[in-house]
Amino acid sequence: MFYTSFQDLSLSQLGFGAMRLPLKEDKSVDEALTARMTDYAIAHGVNYFDTAWPYHGGESERVMGRILKNYPRESFYLATKYPGHQISETYDVRRVFEKQLEKCGVEYFDFYLLHNVYERSIDVYRSKQWGIIDYLLEQKKNGRIRHLGFSTHAGIPALTQFLDEYGNVMEFCQIELNYLDWTLQNAKEKCELLNARGLPIWVMEPVRGGKLAKLPGDLAEPLRAIEPDASEASWALRWLMDIPGVTMVLSGMSDLSQMQDNVRTFEAHRTLSASEREMLLSIAEKLKNALPCTACRYCCDGCPQGIDIPRMISVLNEIRFAPTVNAIMGIEALPEENKPSSCIGCGACAAVCPQNIDIPSAMEELSTRIRALPTWAEISRQREAEQK
């Protein structure tokens, strides 16, 4: 197992993410198989385990806590997260934190994260009414949190704002990073920002929820021509090894074969050549069904509604590829007059677009796609109900 240094710790660069644990037919977590996967991981040097309050309806923390009880506490690092990203009427950080310790059966967390700091949740985390960050810093002072960080799906402006305010007390940042999102979600710019701030990078979604582990059509043929026996997932994971600042790569593995394959990939720090990296970026471009926006922002100056059109097109490109609520959370946080649904179809934007994009049609498509997705508030209510 290849290890990376984080302060005075030696971390396996591969971490076991407990968001996509194996399931039984009734959709409950297959704890016996999860235990076998954990046994294999630890036997092969994996020492970092990541869970969170909402994963598997609250059962992920319990399952991982019971399984890890079989190992000496000092032999692994356990991470979980505070769910301030969920939309709720109140936020009781003390109650949740104490419950998490109980569920996981531990006296402290090695790593603790603010879960998904994004455009709407920033105000929850900074709120003096809820006192979330102050409370967590107090727990760190008391030794119940060893290292405090945050995960994020925020855009660059919101991420920069949060770092300006709290970057001095955050020790690491977890972002969605893979060779597709390098451009699709501006992950390149996020990495550059975090490197400039000196924050180590934790990676989530390294194979994009499995989409980069099973490429459609013949897109994987160039990879097989180079290494016939290498999995498509291993290419995606190796692509990350050259990114400056990447310290931890979390993979949400769902069966033992995935664990075995990923462990093999991280047995050594085997980076890709420049031509191989470019080949993966070329595959990413073929995966997209994207409008060719270059974010020149010519369209923004004359928009009577003040819509951030390049940002809206970026979101549209994202949900064309994978229609998930993560893509639209930032839009939900906008004032109604700045959402794509406020577009009046005047065409001033399209008239000056160097790429000849039919922007009014794009705003209409985005609005339609957003209406077809559940809101983050609806998902939050469902997750709260699952916890009870």
# chains A, B, ... in the order shown; residues from 1 in each chain; ligands from 1
>>> residues_around(residues="A:Asn47", least_positions_apart="5", cutoff="6 Å", atoms="only C-alpha atoms", output="list in words")
Ser12, Phe76 and Tyr77 of chain A
>>> write_last_selection(atoms="C-alpha atoms", output="mmCIF file, in the first residue's frame")
data_model
loop_
_atom_site.group_PDB
_atom_site.id
_atom_site.type_symbol
_atom_site.label_atom_id
_atom_site.label_comp_id
_atom_site.auth_asym_id
_atom_site.auth_seq_id
_atom_site.Cartn_x
_atom_site.Cartn_y
_atom_site.Cartn_z
ATOM 1 C CA SER A 12 -2.961 4.929 3.098
ATOM 2 C CA PHE A 76 -7.138 2.862 11.906
ATOM 3 C CA TYR A 77 -8.316 6.388 11.235
#
>>> closest_atom_pairs(of="stretch 219-328 of chain A", to="stretch 361-376 of chain A", cutoff="12 Å", atoms="only C-alpha atoms", output="tab-separated table")
residue	atom	partner	partner_atom	distance
A:Ala290	CA	A:Ala362	CA	10.9
A:Leu291	CA	A:Ala362	CA	8.7
A:Pro292	CA	A:Ala362	CA	11.7
A:Cys293	CA	A:Ala362	CA	11.2
A:Ile307	CA	A:Met363	CA	9.8
A:Asp308	CA	A:Met363	CA	10.8
A:Ile309	CA	A:Met363	CA	8.3
A:Pro310	CA	A:Met363	CA	10.7
A:Arg311	CA	A:Met363	CA	11.0
A:Met312	CA	A:Met363	CA	7.4
A:Ile313	CA	A:Ala362	CA	7.1
A:Ser314	CA	A:Leu366	CA	10.2
A:Val315	CA	A:Leu366	CA	8.0
A:Leu316	CA	A:Leu366	CA	5.6
A:Asn317	CA	A:Leu366	CA	9.2
A:Glu318	CA	A:Leu366	CA	10.4
A:Ile319	CA	A:Arg369	CA	7.9
A:Arg320	CA	A:Arg369	CA	8.7
A:Phe321	CA	A:Arg369	CA	11.9
A:Ala322	CA	A:Arg369	CA	11.2
A:Pro323	CA	A:Leu373	CA	7.6
A:Thr324	CA	A:Leu373	CA	7.3
A:Val325	CA	A:Leu373	CA	6.6
A:Asn326	CA	A:Trp376	CA	8.4
A:Ala327	CA	A:Ile370	CA	9.5
A:Ile328	CA	A:Ile370	CA	7.2
>>> write_last_selection(atoms="N, CA and C atoms", output="PDB file, in the first residue's frame")
ATOM      1  N   ALA A 290     -21.888  18.232 -24.076  1.00  0.00           N
ATOM      2  CA  ALA A 290     -21.753  19.563 -23.495  1.00  0.00           C
ATOM      3  C   ALA A 290     -21.910  20.679 -24.522  1.00  0.00           C
ATOM      4  N   LEU A 291     -22.520  21.771 -24.083  1.00  0.00           N
ATOM      5  CA  LEU A 291     -22.512  23.005 -24.857  1.00  0.00           C
ATOM      6  C   LEU A 291     -21.119  23.619 -24.758  1.00  0.00           C
ATOM      7  N   PRO A 292     -20.588  24.168 -25.845  1.00  0.00           N
ATOM      8  CA  PRO A 292     -19.183  24.596 -25.878  1.00  0.00           C
ATOM      9  C   PRO A 292     -18.931  25.968 -25.267  1.00  0.00           C
ATOM     10  N   CYS A 293     -19.433  26.210 -24.083  1.00  0.00           N
ATOM     11  CA  CYS A 293     -19.239  27.506 -23.429  1.00  0.00           C
ATOM     12  C   CYS A 293     -17.800  27.643 -22.950  1.00  0.00           C
ATOM     13  N   ILE A 307     -28.539  37.070 -14.970  1.00  0.00           N
ATOM     14  CA  ILE A 307     -28.256  35.635 -14.820  1.00  0.00           C
ATOM     15  C   ILE A 307     -26.779  35.375 -15.082  1.00  0.00           C
ATOM     16  N   ASP A 308     -26.172  34.572 -14.256  1.00  0.00           N
ATOM     17  CA  ASP A 308     -24.789  34.141 -14.486  1.00  0.00           C
ATOM     18  C   ASP A 308     -24.845  33.006 -15.510  1.00  0.00           C
ATOM     19  N   ILE A 309     -24.859  33.360 -16.769  1.00  0.00           N
ATOM     20  CA  ILE A 309     -25.125  32.391 -17.837  1.00  0.00           C
ATOM     21  C   ILE A 309     -24.051  31.311 -17.933  1.00  0.00           C
ATOM     22  N   PRO A 310     -22.758  31.638 -17.890  1.00  0.00           N
ATOM     23  CA  PRO A 310     -21.764  30.555 -17.951  1.00  0.00           C
ATOM     24  C   PRO A 310     -21.924  29.541 -16.817  1.00  0.00           C
ATOM     25  N   ARG A 311     -22.263  30.011 -15.644  1.00  0.00           N
ATOM     26  CA  ARG A 311     -22.495  29.086 -14.533  1.00  0.00           C
ATOM     27  C   ARG A 311     -23.699  28.199 -14.820  1.00  0.00           C
ATOM     28  N   MET A 312     -24.763  28.769 -15.371  1.00  0.00           N
ATOM     29  CA  MET A 312     -25.961  27.977 -15.684  1.00  0.00           C
ATOM     30  C   MET A 312     -25.650  26.924 -16.747  1.00  0.00           C
ATOM     31  N   ILE A 313     -24.863  27.295 -17.750  1.00  0.00           N
ATOM     32  CA  ILE A 313     -24.513  26.332 -18.792  1.00  0.00           C
ATOM     33  C   ILE A 313     -23.633  25.229 -18.223  1.00  0.00           C
ATOM     34  N   SER A 314     -22.754  25.583 -17.300  1.00  0.00           N
ATOM     35  CA  SER A 314     -21.925  24.572 -16.644  1.00  0.00           C
ATOM     36  C   SER A 314     -22.795  23.552 -15.907  1.00  0.00           C
ATOM     37  N   VAL A 315     -23.830  24.042 -15.216  1.00  0.00           N
ATOM     38  CA  VAL A 315     -24.741  23.144 -14.502  1.00  0.00           C
ATOM     39  C   VAL A 315     -25.524  22.288 -15.497  1.00  0.00           C
ATOM     40  N   LEU A 316     -25.969  22.887 -16.594  1.00  0.00           N
ATOM     41  CA  LEU A 316     -26.697  22.127 -17.608  1.00  0.00           C
ATOM     42  C   LEU A 316     -25.821  21.004 -18.169  1.00  0.00           C
ATOM     43  N   ASN A 317     -24.570  21.321 -18.472  1.00  0.00           N
ATOM     44  CA  ASN A 317     -23.658  20.287 -18.970  1.00  0.00           C
ATOM     45  C   ASN A 317     -23.488  19.164 -17.953  1.00  0.00           C
ATOM     46  N   GLU A 318     -23.458  19.539 -16.684  1.00  0.00           N
ATOM     47  CA  GLU A 318     -23.303  18.537 -15.618  1.00  0.00           C
ATOM     48  C   GLU A 318     -24.515  17.618 -15.549  1.00  0.00           C
ATOM     49  N   ILE A 319     -25.713  18.178 -15.548  1.00  0.00           N
ATOM     50  CA  ILE A 319     -26.882  17.307 -15.379  1.00  0.00           C
ATOM     51  C   ILE A 319     -27.274  16.604 -16.675  1.00  0.00           C
ATOM     52  N   ARG A 320     -26.778  17.086 -17.808  1.00  0.00           N
ATOM     53  CA  ARG A 320     -26.917  16.290 -19.030  1.00  0.00           C
ATOM     54  C   ARG A 320     -26.160  14.975 -18.884  1.00  0.00           C
ATOM     55  N   PHE A 321     -24.993  15.043 -18.217  1.00  0.00           N
ATOM     56  CA  PHE A 321     -24.183  13.840 -18.027  1.00  0.00           C
ATOM     57  C   PHE A 321     -24.737  12.976 -16.904  1.00  0.00           C
ATOM     58  N   ALA A 322     -25.084  13.601 -15.779  1.00  0.00           N
ATOM     59  CA  ALA A 322     -25.579  12.841 -14.628  1.00  0.00           C
ATOM     60  C   ALA A 322     -26.601  13.699 -13.894  1.00  0.00           C
ATOM     61  N   PRO A 323     -27.891  13.460 -14.109  1.00  0.00           N
ATOM     62  CA  PRO A 323     -28.933  14.297 -13.494  1.00  0.00           C
ATOM     63  C   PRO A 323     -29.108  14.027 -12.010  1.00  0.00           C
ATOM     64  N   THR A 324     -28.250  14.634 -11.200  1.00  0.00           N
ATOM     65  CA  THR A 324     -28.314  14.472  -9.751  1.00  0.00           C
ATOM     66  C   THR A 324     -28.529  15.817  -9.086  1.00  0.00           C
ATOM     67  N   VAL A 325     -29.022  15.767  -7.864  1.00  0.00           N
ATOM     68  CA  VAL A 325     -29.333  16.999  -7.143  1.00  0.00           C
ATOM     69  C   VAL A 325     -28.074  17.769  -6.769  1.00  0.00           C
ATOM     70  N   ASN A 326     -26.924  17.097  -6.651  1.00  0.00           N
ATOM     71  CA  ASN A 326     -25.685  17.804  -6.325  1.00  0.00           C
ATOM     72  C   ASN A 326     -25.398  18.921  -7.309  1.00  0.00           C
ATOM     73  N   ALA A 327     -25.738  18.686  -8.569  1.00  0.00           N
ATOM     74  CA  ALA A 327     -25.439  19.665  -9.606  1.00  0.00           C
ATOM     75  C   ALA A 327     -26.235  20.951  -9.438  1.00  0.00           C
ATOM     76  N   ILE A 328     -27.422  20.866  -8.853  1.00  0.00           N
ATOM     77  CA  ILE A 328     -28.307  22.037  -8.824  1.00  0.00           C
ATOM     78  C   ILE A 328     -28.416  22.690  -7.455  1.00  0.00           C
TER      79      ILE A 328
END
>>> residues_around(residues="stretch 128-142 of chain A", least_positions_apart="6", cutoff="8 Å", atoms="only C-alpha atoms", output="VMD selection string")
chain A and resid 90 to 94 148
>>> closest_residue(among="A:Arg238, A:His85, A:Lys288, A:Arg297", to="A:Thr271", atoms="only C-alpha atoms")
A:Arg238
>>> residues_around(residues="A:Leu223", least_positions_apart="6", cutoff="10 Å", atoms="only C-alpha atoms", output="PDB file with N, CA and C atoms, in the first residue's frame")
ATOM      1  N   ASP A 229      -4.941  -5.977 -19.107  1.00  0.00           N
ATOM      2  CA  ASP A 229      -5.480  -6.522 -17.860  1.00  0.00           C
ATOM      3  C   ASP A 229      -5.842  -5.455 -16.826  1.00  0.00           C
ATOM      4  N   ALA A 230      -5.582  -4.201 -17.132  1.00  0.00           N
ATOM      5  CA  ALA A 230      -5.864  -3.132 -16.166  1.00  0.00           C
ATOM      6  C   ALA A 230      -7.336  -2.727 -16.236  1.00  0.00           C
ATOM      7  N   SER A 231      -7.971  -2.557 -15.100  1.00  0.00           N
ATOM      8  CA  SER A 231      -9.369  -2.133 -15.073  1.00  0.00           C
ATOM      9  C   SER A 231      -9.478  -0.663 -15.446  1.00  0.00           C
ATOM     10  N   GLU A 232     -10.638  -0.287 -15.922  1.00  0.00           N
ATOM     11  CA  GLU A 232     -10.884   1.121 -16.238  1.00  0.00           C
ATOM     12  C   GLU A 232     -10.827   1.980 -14.972  1.00  0.00           C
ATOM     13  N   TRP A 235      -7.253   3.048 -14.123  1.00  0.00           N
ATOM     14  CA  TRP A 235      -6.786   4.208 -14.889  1.00  0.00           C
ATOM     15  C   TRP A 235      -7.241   5.511 -14.237  1.00  0.00           C
ATOM     16  N   GLU A 276      -0.643   9.518 -21.649  1.00  0.00           N
ATOM     17  CA  GLU A 276      -1.744   8.747 -21.071  1.00  0.00           C
ATOM     18  C   GLU A 276      -2.731   9.668 -20.363  1.00  0.00           C
ATOM     19  N   MET A 279      -4.793  11.253 -22.922  1.00  0.00           N
ATOM     20  CA  MET A 279      -5.737  10.295 -23.483  1.00  0.00           C
ATOM     21  C   MET A 279      -6.996  10.222 -22.629  1.00  0.00           C
ATOM     22  N   LEU A 280      -6.841  10.221 -21.304  1.00  0.00           N
ATOM     23  CA  LEU A 280      -8.005  10.181 -20.424  1.00  0.00           C
ATOM     24  C   LEU A 280      -8.829  11.460 -20.539  1.00  0.00           C
TER      25      LEU A 280
END
>>> select_by_dssp(residues="stretch 78-256 of chain A", states="strand (DSSP E)", output="VMD selection string")
chain A and resid 78 to 82 109 to 114 145 to 152 173 to 176 201 to 204 246 to 251
>>> atom_distance(atom1="atom CA of A:Glu336", atom2="atom CA of A:Arg381")
22.0 Å
>>> residues_around(residues="stretch 25-33 of chain A", least_positions_apart="3", cutoff="8 Å", atoms="only C-alpha atoms", output="list of chain:residue names")
A:Leu21, A:Pro22, A:Arg36, A:Met37, A:His56, A:Glu59, A:Ser60, A:Val63, A:Asp255, A:Leu256
>>> closest_residue(among="A:Asp50, A:Asp218, A:Glu107, A:Asp181", to="A:Trp202", atoms="only C-alpha atoms")
A:Asp50
>>> select_by_dssp(residues="stretch 182-378 of chain A", states="alpha helix (DSSP H)", output="VMD selection string")
chain A and resid 182 to 184 187 to 197 221 to 226 232 to 240 256 to 265 274 to 287 298 to 301 309 to 321 329 to 332 348 to 351 359 to 371 376 to 378
>>> closest_residue(among="A:Ser251, A:Gln382, A:Gln355, A:Ser127", to="A:Gly57", atoms="only C-alpha atoms")
A:Gln382
>>> atom_distance(atom1="atom CA of A:Ala158", atom2="atom CA of A:Leu114")
14.7 Å
>>> atom_distance(atom1="atom CA of A:Lys190", atom2="atom CA of A:Val169")
18.5 Å
>>> closest_residue(among="A:Met1, A:Met248, A:Cys343, A:Leu180", to="A:Lys286", atoms="only C-alpha atoms")
A:Leu180
>>> residues_around(residues="A:Arg120", least_positions_apart="4", cutoff="8 Å", atoms="only C-alpha atoms", output="NGL selection string")
:A and (85 or 124 or 329-330 or 333)
>>> residues_around(residues="A:Val46", least_positions_apart="3", cutoff="7 Å", atoms="only C-alpha atoms", output="CSV table (one decimal) with C-alpha atoms, in the first residue's frame")
chain,number,residue,atom,x,y,z
A,12,SER,CA,-3.0,4.9,3.1
A,14,LEU,CA,-6.7,4.7,-0.6
A,15,GLY,CA,-9.5,5.2,1.8
A,41,ALA,CA,-8.6,-3.6,3.3
A,42,ILE,CA,-6.8,-3.6,6.7
>>> closest_residue(among="A:Asp358, A:Asp301, A:Glu61, A:Glu171", to="A:Arg197", atoms="only C-alpha atoms")
A:Glu171
>>> closest_residue(among="A:Lys339, A:Arg66, A:His147, A:Arg20", to="A:Gly105", atoms="only C-alpha atoms")
A:Arg66
